[in-house]
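What follows is a set of notes on a single structure, which appears directly below.
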Amino acid sequence: MEWTNLLVLTVLVVSGVVTGEDECVPPKPGEKFVHPSECCKVDDFIPEVVKNSFRKCIDKLPRPQSPGPPPDGSSPPPPPDPEMRKAFSCMIECVFLESKLLTGDNKLDKDAVKKAFTPDNKDLASVVAAGVDKCFGSRQEDQTGQCQSGAEDFVKCLSREVFVNCPSAEWSSSAECNNLKTKVTNCPSIPIMLGARGHPPPH
């Protein structure tokens, strides 16, 4: 399985917190599963410098073991290995480091991030700008003891904000997508990753 699929599986399964409420429970095996990027088609909110750095980090970091066959889009992914959480966190930190979006002491550089995350699409740019401001305080305690720059929490938070506030011109108003948006809005613990399908496979 390619790196990007593994990272998406981690975001969807490992990072999600089951609240106990039926609406917020992750999809069960066999249930239809719509990828967020099929609903909010905004891959261009990811800066080119970040996409290029992603390619570099794919080559630099070791690939974790696959948790199983990739999902076919109609069912949720299987639970990944515990190492996947650490792999995801360190991959995102590597990307931000390569993109010069971290300070000398390995913290998020707000000015650099705001400059990089400025899409040409004006409607999208306003959503991203509001998300960047909101998500700078989103860092949570990293239990892995590694890669604690806050880049992982920032990316997850920003993706969620862009998805929930997706410009109407970029939104696919299907029943599945509208239901997913309602679920994500009502369940803050559900993580979202946009643009992952736009990343290239590893060489």
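Residue numbering restarts at 1 for every chain of the structure tokens, chains are lettered A, B, ... in their displayed order, and ligands are numbered from 1 as they appear.
Around Asp44 in chain A, within 12 Å and counting only C-alpha atoms, the residues found are Ser37, Cys40, Lys41, Val42, Ile46, Pro47, Glu48, Val49, Val50, Lys51, Ala116, Phe117, Thr118, Pro119, Asp120, Asn121, Lys122, Leu124, Ala125, Val128, Val162, Glu170, Leu194, Gly195, Ala196, Gly198 and His199 of chain A, once anything fewer than 2 positions away on its own chain is removed.
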Original post:
Pick from A:Cys57, A:Cys24, A:Asp123, A:Gly104: nearest to Cys166 in chain A, with only C-alpha atoms counted?
Top reply: A:Asp123
Mind the document's chain letters and residue numbers, and return as a CSV table (one decimal) with C-alpha atoms, in the first residue's frame the residues of range 90-169 of chain A that DSSP labels helix (DSSP H, G or I).
chain,number,residue,atom,x,y,z
A,90,CYS,CA,6.7,12.4,11.8
A,91,MET,CA,5.8,12.5,8.1
A,92,ILE,CA,3.8,15.7,8.6
A,93,GLU,CA,6.6,17.2,10.7
A,94,CYS,CA,9.1,16.3,8.0
A,95,VAL,CA,6.9,18.0,5.4
A,96,PHE,CA,6.7,21.2,7.4
A,97,LEU,CA,10.4,21.2,8.1
A,98,GLU,CA,11.3,20.7,4.4
A,110,LYS,CA,2.7,31.3,11.9
A,111,ASP,CA,3.9,34.0,9.4
A,112,ALA,CA,5.4,31.4,7.1
A,113,VAL,CA,2.3,29.1,7.3
A,114,LYS,CA,-0.1,32.0,6.6
A,115,LYS,CA,2.0,33.0,3.6
A,116,ALA,CA,2.2,29.5,2.2
A,122,LYS,CA,-10.7,34.0,-3.2
A,123,ASP,CA,-13.6,32.1,-1.6
A,124,LEU,CA,-11.3,29.3,-0.6
A,125,ALA,CA,-8.6,31.7,0.6
A,126,SER,CA,-10.9,33.3,3.1
A,127,VAL,CA,-11.9,29.9,4.4
A,128,VAL,CA,-8.2,28.8,4.7
A,129,ALA,CA,-7.2,32.1,6.4
A,130,ALA,CA,-9.9,31.7,9.0
A,131,GLY,CA,-8.9,28.1,9.5
A,132,VAL,CA,-5.2,28.9,9.9
A,133,ASP,CA,-6.0,31.4,12.6
A,134,LYS,CA,-8.3,29.0,14.4
A,135,CYS,CA,-6.0,26.0,14.1
A,151,ALA,CA,2.2,20.2,12.5
A,152,GLU,CA,0.1,17.0,12.7
A,153,ASP,CA,-2.6,18.6,14.8
A,154,PHE,CA,-2.5,21.8,12.7
A,155,VAL,CA,-3.0,19.9,9.4
A,156,LYS,CA,-5.9,17.8,10.8
A,157,CYS,CA,-7.6,20.9,12.2
A,158,LEU,CA,-7.1,22.9,9.0
A,159,SER,CA,-8.4,20.1,6.8
A,160,ARG,CA,-11.5,19.8,9.1
A,161,GLU,CA,-12.1,23.6,8.9
A,162,VAL,CA,-11.8,23.7,5.1
A,163,PHE,CA,-14.1,20.6,4.8
A,164,VAL,CA,-16.9,22.0,7.1
A,168,SER,CA,-20.2,26.0,-2.5
A,169,ALA,CA,-18.5,26.0,-5.9
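For the set A:Val25, A:Met84, A:Cys39, A:Met193, the residue with the smallest atom-to-atom gap to Ser173 in chain A is A:Cys39, counting only C-alpha atoms.
Across the model, the gap from CA of Ile192 in chain A to CA of Ser149 in chain A is 19.6 Å.
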**OP:** Might you pull out every residue within 12 Å of Ala175 in chain A, with only C-alpha atoms counted and same-chain residues fewer than 6 positions away left off, and present them as a ChimeraX atom specification?
**Re:** /A:32,34,39,181-182
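Closest approach to Phe54 in chain A from the set A:His35, A:Ser99, A:Ser89, A:Gly150 is made by A:Ser99, with distances taken over only C-alpha atoms.
Among the candidates A:Lys86, A:Pro36, A:Lys60, A:Ser53, the residue lying nearest to Trp171 in chain A is A:Pro36 (atoms considered: only C-alpha atoms).
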